[in-house]
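Next comes structure-v1.txt, a file with compact mmCIF, C-alpha atoms.
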# COMPACT_ATOMS: atom_id res chain seq x y z
CA MET A 170 70.84 110.32 99.52
CA ASN A 171 71.99 107.37 97.50
CA ASN A 172 74.57 105.41 99.45
CA THR A 173 75.82 103.06 96.81
CA TYR A 174 79.19 103.61 95.24
CA ASP A 175 80.46 102.67 91.80
CA ASN A 176 83.62 101.22 93.24
CA GLU A 177 85.28 100.77 96.59
CA MET A 178 88.55 99.52 98.08
CA LYS A 179 89.90 99.05 101.56
CA ILE A 180 93.42 98.48 102.82
CA GLU A 181 94.91 98.15 106.28
CA PHE A 182 98.58 98.52 107.03
CA LEU A 183 100.98 98.86 109.95
CA SER A 184 101.78 102.35 111.19
CA LYS A 185 105.24 102.34 109.64
CA SER A 186 106.61 105.44 108.03
CA ASN A 187 107.50 103.68 104.78
CA ASN A 188 103.81 102.82 104.28
CA GLU A 189 103.08 106.51 103.58
CA ALA A 190 104.30 106.06 100.01
CA PHE A 191 102.39 102.77 99.69
CA ALA A 192 99.12 104.39 100.82
CA ARG A 193 99.23 107.37 98.48
CA ILE A 194 100.35 105.29 95.49
CA ALA A 195 97.55 102.76 96.12
CA VAL A 196 94.97 105.58 96.20
CA ALA A 197 96.43 107.19 93.07
CA ALA A 198 96.25 103.87 91.20
CA PHE A 199 92.64 103.33 92.31
CA VAL A 200 91.57 106.86 91.39
CA ALA A 201 93.22 106.55 87.95
CA GLN A 202 90.01 104.95 86.61
CA LEU A 203 88.35 108.39 86.75
CA ASP A 204 90.92 109.74 84.30
CA PRO A 205 92.12 112.58 86.55
CA THR A 206 94.70 115.17 85.53
CA LEU A 207 98.25 114.95 86.87
CA GLU A 208 97.48 117.85 89.15
CA GLU A 209 94.36 116.22 90.57
CA ILE A 210 96.34 113.03 91.24
CA ALA A 211 99.14 115.02 92.90
CA ASP A 212 96.65 116.86 95.14
CA ILE A 213 94.96 113.63 96.26
CA LYS A 214 98.31 111.90 96.89
CA THR A 215 99.49 114.80 99.02
CA ALA A 216 96.30 114.88 101.10
CA VAL A 217 96.49 111.10 101.67
CA SER A 218 100.13 111.38 102.63
CA GLU A 219 99.34 114.08 105.21
CA ALA A 220 96.50 112.11 106.81
CA VAL A 221 98.45 108.85 106.94
CA THR A 222 101.54 110.59 108.36
CA ASN A 223 99.34 112.16 111.06
CA SER A 224 98.01 108.73 112.04
CA ILE A 225 101.52 107.28 112.22
CA ILE A 226 103.35 110.17 113.90
CA HIS A 227 100.61 111.62 116.11
CA GLY A 228 97.99 108.87 116.46
CA TYR A 229 100.36 106.03 117.23
CA GLU A 230 103.46 108.10 118.08
CA GLU A 231 105.74 105.49 116.49
CA ARG A 232 104.04 102.67 118.37
CA GLN A 233 102.74 99.92 116.18
CA GLY A 234 99.10 100.03 115.19
CA ILE A 235 96.85 99.60 112.19
CA VAL A 236 95.95 102.42 109.81
CA LYS A 237 92.77 101.84 107.80
CA LEU A 238 92.22 103.39 104.42
CA ILE A 239 88.94 103.23 102.52
CA CYS A 240 88.56 104.76 99.09
CA LYS A 241 85.22 104.99 97.29
CA ILE A 242 84.15 106.34 93.95
CA ARG A 243 80.75 107.64 92.93
CA GLU A 244 80.46 109.02 89.42
CA LYS A 245 83.28 111.57 89.25
CA GLU A 246 83.75 111.96 92.99
CA VAL A 247 86.38 110.36 95.24
CA PHE A 248 85.73 109.68 98.93
CA ILE A 249 88.67 108.81 101.14
CA GLU A 250 88.54 107.71 104.75
CA ILE A 251 91.72 107.30 106.80
CA SER A 252 91.41 106.13 110.38
CA ASP A 253 93.53 104.94 113.26
CA SER A 254 92.97 103.63 116.78
CA GLY A 255 95.61 105.89 118.23
CA LYS A 256 95.52 108.46 120.99
CA GLY A 257 93.08 110.88 119.37
CA ILE A 258 93.17 114.66 119.05
CA GLU A 259 92.34 116.76 122.10
CA ASN A 260 91.21 119.82 120.19
CA VAL A 261 90.45 119.30 116.51
CA GLU A 262 89.83 122.99 115.81
CA MET A 263 93.24 123.87 117.21
CA ALA A 264 94.93 121.03 115.33
CA LYS A 265 93.50 122.42 112.10
CA GLN A 266 95.11 125.82 112.60
CA PRO A 267 97.94 126.46 110.15
CA LEU A 268 101.39 126.06 111.75
CA TYR A 269 99.93 124.50 114.91
CA THR A 270 101.92 121.43 115.86
CA THR A 271 102.49 119.40 119.00
CA LYS A 272 105.61 117.87 117.53
CA ALA A 273 107.89 120.79 116.65
CA ASN A 274 110.80 118.70 117.91
CA LEU A 275 110.20 116.29 115.02
CA GLU A 276 110.17 119.25 112.63
CA ARG A 277 106.50 118.84 111.85
CA SER A 278 105.46 122.02 110.08
CA GLY A 279 101.87 122.15 111.31
CA MET A 280 100.60 122.36 107.74
CA GLY A 281 98.99 118.92 107.46
CA PHE A 282 95.31 119.83 107.84
CA THR A 283 95.78 123.08 105.94
CA ILE A 284 97.13 121.13 102.97
CA MET A 285 94.33 118.55 103.19
CA GLU A 286 91.71 121.29 103.31
CA SER A 287 93.07 123.22 100.37
CA PHE A 288 93.77 120.19 98.17
CA MET A 289 90.41 118.50 98.76
CA ASP A 290 86.86 119.84 98.37
CA ASP A 291 85.87 118.82 101.87
CA VAL A 292 87.66 117.44 104.94
CA GLU A 293 86.02 116.19 108.10
CA VAL A 294 87.79 115.08 111.24
CA GLU A 295 86.24 112.94 113.96
CA SER A 296 88.37 112.17 116.96
CA VAL A 297 87.88 110.66 120.39
CA LEU A 298 90.66 110.88 122.96
CA GLY A 299 92.13 107.45 123.59
CA LEU A 300 90.09 105.83 120.82
CA GLY A 301 91.42 107.25 117.62
CA THR A 302 90.88 109.60 114.72
CA LYS A 303 89.04 109.38 111.42
CA VAL A 304 89.63 111.79 108.56
CA THR A 305 87.09 111.80 105.73
CA MET A 306 87.90 113.68 102.53
CA ARG A 307 86.09 114.29 99.28
CA ARG A 308 87.30 115.51 95.91
CA LYS A 309 85.47 115.88 92.63
CA ILE A 310 87.42 115.01 89.49
CA LYS A 311 86.71 117.32 86.56
CA SER A 312 84.92 115.62 83.67
CA ASN A 313 86.50 115.68 80.22
CA SER A 314 84.10 118.35 78.96
CA GLN A 315 84.95 120.54 81.98
CA LYS A 316 88.64 120.04 81.20
CA GLU A 317 88.06 121.14 77.60
CA GLU A 318 86.18 124.23 78.72
CA PHE A 319 89.02 125.02 81.11
CA ALA A 320 91.63 124.52 78.36
CA VAL A 321 89.72 126.78 75.96
CA ALA A 322 89.33 129.45 78.64
CA THR A 323 93.06 129.26 79.41
CA ILE A 324 94.01 129.63 75.73
CA ARG A 325 91.59 132.55 75.30
CA GLY A 326 92.93 134.15 78.44
CA GLU A 327 96.44 134.05 77.08
CA GLU A 328 95.55 135.72 73.80
CA MET B 73 120.00 112.63 97.92
CA GLU B 74 123.37 113.79 96.65
CA SER B 75 125.37 116.68 97.99
CA PHE B 76 127.99 118.81 96.31
CA TYR B 77 130.20 121.55 97.66
CA LYS B 78 131.55 124.39 95.56
CA LYS B 79 134.55 125.52 97.53
CA ASP B 80 135.21 128.77 95.64
CA ASP B 81 131.70 130.08 96.23
CA LYS B 82 131.13 128.32 99.55
CA GLN B 83 127.95 126.81 98.18
CA LEU B 84 126.56 123.53 99.44
CA ILE B 85 124.12 121.97 97.01
CA PHE B 86 121.64 119.22 97.86
CA LYS B 87 120.16 117.42 94.89
CA MET B 88 116.95 116.04 96.34
CA ASP B 89 115.52 112.63 95.44
CA GLU B 90 112.17 112.00 93.81
CA GLU B 91 109.86 111.82 96.83
CA ILE B 92 110.01 113.85 100.04
CA ASP B 93 107.70 112.72 102.83
CA GLU B 94 108.09 112.07 106.57
CA CYS B 95 109.77 108.72 105.87
CA THR B 96 112.46 110.06 103.52
CA ALA B 97 112.87 113.28 105.53
CA GLN B 98 113.73 111.27 108.65
CA LYS B 99 116.38 109.40 106.73
CA ILE B 100 118.24 112.40 105.30
CA ARG B 101 117.85 114.96 108.12
CA ARG B 102 121.06 113.95 109.93
CA LYS B 103 122.99 113.71 106.71
CA LEU B 104 122.02 117.24 105.68
CA ASP B 105 123.00 118.63 109.07
CA ASN B 106 126.33 116.79 109.04
CA GLU B 107 127.18 118.26 105.64
CA ILE B 108 126.17 121.77 106.73
CA GLU B 109 128.25 121.55 109.90
CA ARG B 110 131.18 120.09 107.99
CA TYR B 111 131.40 122.82 105.35
CA MET B 112 129.82 125.83 107.09
CA PRO B 113 128.65 127.09 103.68
CA LYS B 114 127.59 130.64 102.87
CA GLU B 115 124.77 129.35 100.72
CA ILE B 116 122.80 126.14 101.01
CA ILE B 117 120.88 125.32 97.86
CA PHE B 118 118.12 122.73 97.64
CA ASP B 119 117.77 121.54 94.05
CA PHE B 120 114.26 120.14 93.48
CA ASN B 121 114.74 119.24 89.83
CA ASN B 122 114.09 115.52 90.40
CA VAL B 123 111.31 115.87 92.96
CA SER B 124 107.89 114.67 91.82
CA PHE B 125 106.26 114.48 95.24
CA MET B 126 106.58 116.54 98.39
CA ASP B 127 104.25 116.95 101.36
CA SER B 128 104.47 119.09 104.51
CA ALA B 129 107.41 117.01 105.77
CA GLY B 130 109.47 118.74 103.07
CA ILE B 131 108.52 122.13 104.50
CA GLY B 132 109.57 120.97 107.98
CA LEU B 133 112.85 119.70 106.55
CA ILE B 134 113.70 123.00 104.86
CA ILE B 135 112.69 125.14 107.85
CA GLY B 136 114.86 122.95 110.10
CA ARG B 137 117.92 123.50 107.86
CA TYR B 138 117.07 127.20 107.63
CA LYS B 139 117.27 127.46 111.42
CA LEU B 140 120.61 125.64 111.53
CA ALA B 141 122.02 127.77 108.68
CA ASN B 142 120.87 130.92 110.45
CA MET B 143 122.76 129.90 113.54
CA LEU B 144 125.91 129.22 111.53
CA GLY B 145 125.63 132.38 109.43
CA GLY B 146 124.55 130.79 106.14
CA LYS B 147 121.59 131.28 103.83
CA VAL B 148 119.15 128.74 102.41
CA GLN B 149 117.87 128.96 98.84
CA VAL B 150 115.79 126.74 96.60
CA ALA B 151 116.15 126.03 92.89
CA ASN B 152 114.38 124.15 90.08
CA MET B 153 111.06 123.84 91.87
CA THR B 154 108.68 121.48 90.10
CA THR B 155 104.92 122.12 90.01
CA PRO B 156 104.02 119.95 93.05
CA VAL B 157 106.88 121.41 95.11
CA ARG B 158 105.93 124.97 94.20
CA LYS B 159 102.32 124.37 95.21
CA ILE B 160 103.26 123.22 98.71
CA PHE B 161 105.82 126.00 98.97
CA GLU B 162 103.37 128.74 98.15
CA MET B 163 100.72 127.32 100.43
CA SER B 164 103.07 127.23 103.41
CA GLY B 165 104.29 130.78 102.87
CA ILE B 166 107.95 129.87 103.40
CA GLN B 167 108.99 131.60 100.18
CA ARG B 168 108.87 134.74 102.32
CA ILE B 169 111.99 133.58 104.18
CA ILE B 170 113.54 131.24 101.64
CA PRO B 171 114.34 132.84 98.27
CA GLU B 172 114.20 131.02 94.96
CA ARG B 173 117.20 131.05 92.65
CA LYS B 174 116.81 131.33 88.91
CA ASP B 175 118.96 128.27 88.46
CA CYS B 176 121.13 125.89 90.39
CA PRO B 177 124.90 126.52 90.21
CA LYS B 178 126.62 124.25 87.67
CA ILE B 179 128.24 121.26 89.23
CA ARG B 180 131.64 120.02 88.10
CA GLU B 181 131.21 116.35 88.79
CA LYS B 182 134.81 115.59 89.87
CA LYS B 183 135.72 118.81 91.58
CA ASP B 184 132.56 119.44 93.61
CA ARG B 185 131.77 115.95 94.78
CA PRO B 186 132.66 115.84 98.48
CA GLN B 187 135.51 113.55 99.39
CA ILE B 188 134.56 111.00 101.96
CA ILE B 189 136.79 111.55 104.96
CA LYS B 190 135.55 108.55 106.83
CA GLU B 191 132.55 106.32 106.46
CA VAL B 192 129.72 107.70 108.52
CA GLN B 193 126.88 105.33 109.20
CA TYR B 194 123.56 107.09 108.72
CA GLU B 195 120.38 105.53 109.98
Can you give me the file's structure in the form of C-alpha cells?
Amino acid sequence: MNNTYDNEMKIEFLSKSNNEAFARIAVAAFVAQLDPTLEEIADIKTAVSEAVTNSIIHGYEERQGIVKLICKIREKEVFIEISDSGKGIENVEMAKQPLYTTKANLERSGMGFTIMESFMDDVEVESVLGLGTKVTMRRKIKSNSQKEEFAVATIRGEE
Amino acid sequence: MESFYKKDDKQLIFKMDEEIDECTAQKIRRKLDNEIERYMPKEIIFDFNNVSFMDSAGIGLIIGRYKLANMLGGKVQVANMTTPVRKIFEMSGIQRIIPERKDCPKIREKKDRPQIIKEVQYE
C-alpha cells in the first residue's frame, strides 16, 4: 500500500472545551480543498467534534492535557487521527454501544461513537488504560462526476 | 440563546444559538433550567432555526430538559430543525419521545420577552 499522502496537517491544543469548535473548523477548512458538499463537511465536523469532546471530557476528565489532531488527504479520501494521553478506555466495545456512557451525570448521551461510525466510512479506536486513546477515521469525498450522477438520479427519482 | 415566555399559552421558547456542542451546552444548561423552574411552563419549545451545527451534546441537553420538564409536568417540543440538527435527531432516536412542531409559536417581541427580576450571574 502506498503510504504517501497528497497533503497533511497536524495541530495540538489544550484539552479545553472551547477548542472543540476550533478543531472541527480547522479540519473543515483543510478538507475544503477536496470540494466536499455541505453535508460531507457537516458530517466530518460532527465526527471530529465527538472525538475531541471524548478526549477532553473522558480522556482528561477536565484535567489539562494535549489533544493531537492529524488530518491527511489522499486523492479524494480524508484520514483523521485524534489522540490524547488521558486515562484510556477500559472496554472499547462497550464504549461503542449506543447510549452507553460513563458520564450520565454530565448529560453525555452515549451517542459519540455511534455518530462517528455512521458519519464516517470507517472508525478505529485504539486505547490503553492509563496511556491514552487514539481514534482514526476515514471518509471518502464524492468526486464531481459522482455528485452529478447522484443529482441526475435524484431528479429522475422525483419525476 | 434567547428565551421567551408566552404567558397565555404557558409556552417557554428557547431560540438556540448557531452551534451546540459540549462547550456551549455547559454554558446554557443552568440558564435553561432556571427559566423552566421560574415559569413552570406547559410546553417547552426548542427553536433550532439558527442552528448550523449540533453534535451529541445537543441530544444530552434536550434529554436533560425533558427529564426536568417531566418532573414538573411540562412537555418538550422541537421546531424549525435544520438539516444537520435533524440528522443527529433521527440517529439518536429521541424523536420518539420529543415531538416536532410544524412551526414555532409567533413571538411578540415586547410582550413575551422575560422581564429580568434580578441579575443572575451565569457561569
Please return, as number ranges by chain, all residues of chain B lying within 10 Å of chain A when only C-alpha atoms are considered. B: 91-98, 101, 124-136, 155-156, 159-160, 163-164
Distance in Å - CA of Asp119 (chain B) versus CA of Tyr77 (chain B): 12.9 Å
By how many Å are CA of Asn313 (chain A) and CA of Lys241 (chain A) apart?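 Between CA of Asn313 (chain A) and CA of Lys241 (chain A) the gap is 20.2 Å.
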Point out the residue among B:Lys79, B:Lys139, B:Lys103, B:Arg173 with the least atom-to-atom distance to Ile117 (chain B), counting all atoms listed in the file. B:Arg173
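Computed from the coordinates, the CA of Glu259 (chain A) to CA of Gly299 (chain A) distance equals 9.4 Å.
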Completion of region 209-223 of chain A up to N, CA and C atoms, as a compact mmCIF listing (two decimals), in the frame of the given file:
# COMPACT_ATOMS: atom_id res chain seq x y z
N GLU A 209 95.36 116.80 89.66
CA GLU A 209 94.36 116.22 90.57
C GLU A 209 94.96 115.03 91.33
N ILE A 210 95.70 114.18 90.60
CA ILE A 210 96.34 113.03 91.24
C ILE A 210 97.34 113.50 92.30
N ALA A 211 98.14 114.51 91.96
CA ALA A 211 99.14 115.02 92.90
C ALA A 211 98.47 115.56 94.16
N ASP A 212 97.37 116.30 93.99
CA ASP A 212 96.65 116.86 95.14
C ASP A 212 96.14 115.74 96.06
N ILE A 213 95.53 114.73 95.47
CA ILE A 213 94.96 113.63 96.26
C ILE A 213 96.07 112.87 96.98
N LYS A 214 97.18 112.61 96.27
CA LYS A 214 98.31 111.90 96.89
C LYS A 214 98.84 112.68 98.09
N THR A 215 98.95 113.99 97.94
CA THR A 215 99.49 114.80 99.02
C THR A 215 98.56 114.75 100.24
N ALA A 216 97.26 114.90 99.99
CA ALA A 216 96.30 114.88 101.10
C ALA A 216 96.34 113.53 101.83
N VAL A 217 96.42 112.43 101.07
CA VAL A 217 96.49 111.10 101.67
C VAL A 217 97.76 110.98 102.50
N SER A 218 98.85 111.45 101.94
CA SER A 218 100.13 111.38 102.63
C SER A 218 100.08 112.11 103.97
N GLU A 219 99.45 113.29 103.98
CA GLU A 219 99.34 114.08 105.21
C GLU A 219 98.53 113.33 106.27
N ALA A 220 97.38 112.79 105.85
CA ALA A 220 96.50 112.11 106.81
C ALA A 220 97.16 110.86 107.36
N VAL A 221 97.80 110.08 106.50
CA VAL A 221 98.45 108.85 106.94
C VAL A 221 99.63 109.17 107.86
N THR A 222 100.40 110.19 107.50
CA THR A 222 101.54 110.59 108.36
C THR A 222 101.02 111.00 109.73
N ASN A 223 99.93 111.76 109.77
CA ASN A 223 99.34 112.16 111.06
C ASN A 223 99.00 110.94 111.91
